[in-house]
file model-v3.cif (mmCIF, C-alpha atoms)
data_protein
#
loop_
_atom_site.label_atom_id
_atom_site.label_comp_id
_atom_site.auth_asym_id
_atom_site.auth_seq_id
_atom_site.Cartn_x
_atom_site.Cartn_y
_atom_site.Cartn_z
CA MET O 1 26.52 -1.96 14.09
CA ASP O 2 25.50 0.36 11.28
CA TYR O 3 22.09 -1.28 10.95
CA PRO O 4 20.69 -2.17 14.38
CA ILE O 5 18.22 -5.02 14.51
CA GLY O 6 15.49 -5.78 17.00
CA GLU O 7 13.92 -8.94 18.31
CA LEU O 8 10.38 -10.03 17.60
CA ALA O 9 10.02 -11.75 20.96
CA GLY O 10 7.96 -9.62 23.30
CA LYS O 11 6.58 -7.42 20.52
CA ILE O 12 2.88 -7.03 19.73
CA LEU O 13 1.73 -8.26 16.32
CA GLY O 14 -1.44 -6.46 15.22
CA ILE O 15 -3.39 -8.38 12.60
CA VAL O 16 -6.07 -6.83 10.40
CA GLY O 17 -8.07 -9.67 8.86
CA LEU O 18 -8.33 -13.01 10.63
CA GLY O 19 -9.05 -15.27 7.70
CA SER O 20 -6.87 -18.29 7.06
CA ILE O 21 -3.82 -16.18 6.17
CA GLY O 22 -4.19 -13.81 9.14
CA LYS O 23 -4.54 -16.77 11.50
CA ALA O 24 -1.46 -18.44 10.00
CA VAL O 25 0.52 -15.21 10.44
CA ALA O 26 -0.62 -15.10 14.08
CA ARG O 27 0.74 -18.63 14.60
CA VAL O 28 4.10 -17.59 13.14
CA GLY O 29 4.21 -14.49 15.34
CA LEU O 30 3.42 -16.57 18.41
CA ALA O 31 6.21 -19.00 17.46
CA PHE O 32 8.63 -16.05 17.51
CA GLY O 33 7.44 -15.05 20.97
CA MET O 34 5.17 -12.21 19.88
CA GLN O 35 1.78 -11.42 21.36
CA ALA O 36 -0.92 -11.43 18.67
CA ILE O 37 -3.87 -9.04 18.71
CA ALA O 38 -6.56 -8.42 16.12
CA LEU O 39 -8.40 -5.32 15.07
CA ALA O 40 -11.98 -5.49 16.30
CA ARG O 41 -14.59 -4.74 13.70
CA GLU O 42 -18.33 -4.60 13.93
CA GLY O 43 -19.73 -8.11 14.17
CA SER O 44 -16.38 -9.74 14.98
CA THR O 45 -16.06 -12.12 17.89
CA GLY O 46 -13.14 -13.11 20.06
CA GLN O 47 -12.78 -16.56 18.53
CA GLY O 48 -9.53 -18.36 19.16
CA GLY O 49 -8.66 -16.46 22.29
CA MET O 50 -6.91 -13.63 20.44
CA PRO O 51 -7.70 -10.21 21.91
CA ARG O 52 -9.63 -7.93 19.54
CA LEU O 53 -8.96 -4.29 20.23
CA PRO O 54 -10.83 -1.19 19.10
CA ARG O 55 -9.17 0.83 16.37
CA ASP O 56 -7.47 3.54 18.46
CA GLU O 57 -6.08 1.08 20.99
CA PHE O 58 -5.03 -1.40 18.30
CA PHE O 59 -2.89 1.11 16.40
CA ALA O 60 -1.45 2.61 19.59
CA VAL O 61 -0.13 -0.70 21.01
CA ALA O 62 0.89 -2.73 17.95
CA ASP O 63 4.61 -2.92 17.18
CA VAL O 64 3.91 -4.53 13.81
CA VAL O 65 0.65 -4.02 11.92
CA THR O 66 0.03 -6.55 9.16
CA LEU O 67 -2.87 -6.37 6.69
CA HIS O 68 -4.61 -9.56 5.53
CA CYS O 69 -8.11 -8.34 4.76
CA PRO O 70 -9.97 -8.02 1.48
CA LEU O 71 -10.44 -4.60 -0.08
CA THR O 72 -13.98 -3.30 0.46
CA PRO O 73 -15.53 0.15 0.07
CA GLU O 74 -15.44 0.45 3.88
CA ASN O 75 -11.69 -0.13 4.22
CA HIS O 76 -10.42 1.66 1.11
CA HIS O 77 -7.40 3.76 2.29
CA PHE O 78 -8.01 2.42 5.78
CA ILE O 79 -4.35 3.07 6.51
CA ASN O 80 -4.04 6.83 6.17
CA ALA O 81 -2.48 9.85 7.88
CA GLU O 82 -4.80 9.40 10.88
CA THR O 83 -4.12 5.69 11.50
CA LEU O 84 -0.40 6.11 10.78
CA GLY O 85 -0.34 8.95 13.31
CA GLN O 86 -1.84 6.65 15.96
CA MET O 87 1.02 4.15 15.55
CA LYS O 88 4.23 4.10 17.58
CA PRO O 89 7.26 5.77 15.95
CA SER O 90 8.94 2.35 16.22
CA ALA O 91 6.05 0.53 14.47
CA ILE O 92 6.32 -1.36 11.21
CA LEU O 93 3.47 -1.67 8.68
CA ILE O 94 3.21 -4.75 6.43
CA ASN O 95 0.70 -4.84 3.58
CA THR O 96 0.30 -8.12 1.74
CA GLY O 97 -3.44 -7.62 1.26
CA ARG O 98 -4.39 -5.07 -1.40
CA GLY O 99 -2.68 -1.84 -2.42
CA ASP O 100 -5.74 0.36 -1.91
CA LEU O 101 -5.95 -0.56 1.78
CA VAL O 102 -3.19 2.03 2.18
CA ASN O 103 -3.21 5.68 1.20
CA GLU O 104 0.19 5.44 -0.46
CA PRO O 105 1.11 9.18 -0.42
CA ALA O 106 0.24 9.31 3.31
CA LEU O 107 2.50 6.31 3.95
CA VAL O 108 5.35 7.96 2.05
CA GLU O 109 4.98 11.08 4.24
CA ALA O 110 4.84 9.00 7.42
CA LEU O 111 8.03 7.20 6.43
CA LYS O 112 9.80 10.44 5.47
CA ASN O 113 8.78 12.08 8.76
CA HIS O 114 9.54 8.93 10.79
CA THR O 115 5.95 8.82 12.04
CA ILE O 116 6.51 5.05 11.82
CA ARG O 117 9.78 3.15 11.54
CA ALA O 118 9.28 1.20 8.33
CA ALA O 119 6.88 -0.43 5.90
CA ALA O 120 7.03 -3.56 3.76
CA VAL O 121 4.59 -4.10 0.90
CA ASP O 122 4.08 -6.58 -1.87
CA VAL O 123 0.99 -4.87 -3.28
CA LEU O 124 0.69 -1.44 -4.87
CA THR O 125 -1.98 0.57 -6.65
CA PRO O 126 -1.99 0.14 -9.57
CA GLU O 127 -0.16 -3.04 -10.41
CA PRO O 128 2.12 -2.94 -12.19
CA PRO O 129 3.03 0.49 -10.84
CA SER O 130 3.79 3.43 -13.10
CA THR O 131 7.34 4.78 -13.13
CA ASP O 132 6.14 7.84 -11.18
CA HIS O 133 4.47 5.80 -8.41
CA PRO O 134 5.07 7.53 -5.02
CA PHE O 135 6.73 4.41 -3.58
CA LEU O 136 9.20 4.21 -6.47
CA THR O 137 10.12 7.89 -6.57
CA ALA O 138 10.42 8.59 -2.84
CA GLY O 139 13.90 7.12 -2.42
CA LEU O 140 13.14 5.78 1.06
CA ASP O 141 15.46 3.38 2.86
CA ASN O 142 12.66 2.37 5.27
CA LEU O 143 10.24 1.15 2.57
CA PHE O 144 10.64 -2.40 1.29
CA ILE O 145 8.80 -3.52 -1.84
CA THR O 146 8.71 -7.14 -2.94
CA PRO O 147 6.76 -8.92 -5.67
CA HIS O 148 3.32 -10.33 -4.81
CA THR O 149 4.20 -13.89 -5.84
CA ALA O 150 3.31 -16.17 -2.93
CA TRP O 151 0.68 -17.75 -5.17
CA SER O 152 3.14 -18.68 -7.93
CA SER O 153 4.70 -21.89 -6.60
CA LEU O 154 3.62 -25.06 -8.37
CA GLU O 155 1.95 -26.31 -5.17
CA ALA O 156 0.04 -23.06 -4.63
CA ARG O 157 -1.20 -23.02 -8.22
CA GLN O 158 -2.35 -26.64 -7.85
CA ARG O 159 -4.27 -25.71 -4.67
CA LEU O 160 -5.95 -22.87 -6.60
CA ILE O 161 -6.99 -25.23 -9.40
CA ASP O 162 -8.19 -27.83 -6.89
CA GLY O 163 -10.22 -25.12 -5.15
CA VAL O 164 -11.87 -24.09 -8.42
CA VAL O 165 -12.78 -27.72 -9.11
CA GLU O 166 -14.25 -28.11 -5.61
CA ASN O 167 -16.22 -24.87 -6.01
CA ILE O 168 -17.72 -26.09 -9.30
CA LYS O 169 -18.62 -29.47 -7.77
CA ALA O 170 -20.21 -27.74 -4.77
CA PHE O 171 -22.20 -25.41 -7.03
CA GLN O 172 -23.43 -28.33 -9.14
CA SER O 173 -24.59 -30.20 -6.04
CA GLY O 174 -26.24 -27.12 -4.47
CA GLU O 175 -23.71 -26.80 -1.63
CA GLU O 176 -22.65 -23.47 -0.21
CA ARG O 177 -18.87 -23.09 -0.25
CA ASN O 178 -16.52 -20.19 0.40
CA ARG O 179 -19.29 -17.89 1.57
CA VAL O 180 -18.17 -14.50 2.78
CA VAL O 181 -20.46 -13.22 5.48
#
call {"tool": "encode", "arguments": {"input": "model-v3.cif", "output": "structure tokens"}}
result
Amino acid sequence: MDYPIGELAGKILGIVGLGSIGKAVARVGLAFGMQAIALAREGSTGQGGMPRLPRDEFFAVADVVTLHCPLTPENHHFINAETLGQMKPSAILINTGRGDLVNEPALVEALKNHTIRAAAVDVLTPEPPSTDHPFLTAGLDNLFITPHTAWSSLEARQRLIDGVVENIKAFQSGEERNRVV
């Protein structure tokens, strides 16, 4: 086989960001026989029985690291040469969060040097990317770029509109909704 494949069963899925999307990804990983772990952050708790590991241990044990966290000043370029260097050479990075969570030139170098096995992204910085973006000019066969379009189905757009309506109703009635703590 020219392109060997591996099984997900028995692998460790490392999730950064345990909001509704991160939790849903964990359920999918568990359905495929993966073990799900989460990155511990200050103030996080072990809700839901998923182990939360400190940064060094998290990156060292995860076979797949998937990003589902918002972009904040604290996690800008959170994935960088240091964190990529802590990962297994067989590890795969998935970023469906925000482009600036990843130091893109550092990821290109890690993929060229086989520091990690592969990466899949559907977010870049900036969007749309320029023609000289490092991901587009690197010519890597272990970097997969897809459009960030999960929100574009008719049903997803309707949920977004319904959410806006509910937020306005909650605001008008003095309710707190969608608070980020």
call {"tool": "residues_around", "arguments": {"input": "model-v3.cif", "residues": "Asn103 in chain O", "least_positions_apart": "2", "cutoff": "8 Å", "atoms": "all atoms listed in the file", "output": "MDAnalysis selection string"}}
result
chainID O and resid 77:81 100:101 105:107
call {"tool": "residues_around", "arguments": {"input": "model-v3.cif", "residues": "range 6-15 of chain O", "least_positions_apart": "6", "cutoff": "8 Å", "atoms": "all atoms listed in the file", "output": "PyMOL selection string"}}
result
chain O and resi 22+26+29+32-39+58-59+61-68
call {"tool": "atom_distance", "arguments": {"input": "model-v3.cif", "atom1": "CA of Leu111 in chain O", "atom2": "CA of Ala138 in chain O"}}
result
9.7 Å
call {"tool": "closest_residue", "arguments": {"input": "model-v3.cif", "among": "O:His76, O:Lys112, O:Arg157, O:Lys88", "to": "Thr125 in chain O", "atoms": "only C-alpha atoms"}}
result
O:His76
call {"tool": "resolve_selection", "arguments": {"input": "model-v3.cif", "expression": "the PyMOL selection byres ((chain O and resi 146) around 7)", "output": "ChimeraX atom specification"}}
result
/O:121-122,144-145,147-148
call {"tool": "atom_distance", "arguments": {"input": "model-v3.cif", "atom1": "CA of Thr115 in chain O", "atom2": "CA of Gly85 in chain O"}}
result
6.4 Å
call {"tool": "atom_distance", "arguments": {"input": "model-v3.cif", "atom1": "CA of Thr149 in chain O", "atom2": "CA of Arg55 in chain O"}}
result
29.8 Å
call {"tool": "resolve_selection", "arguments": {"input": "model-v3.cif", "expression": "the PyMOL selection byres ((chain O and resi 71) around 9)", "output": "count of residues only"}}
result
12
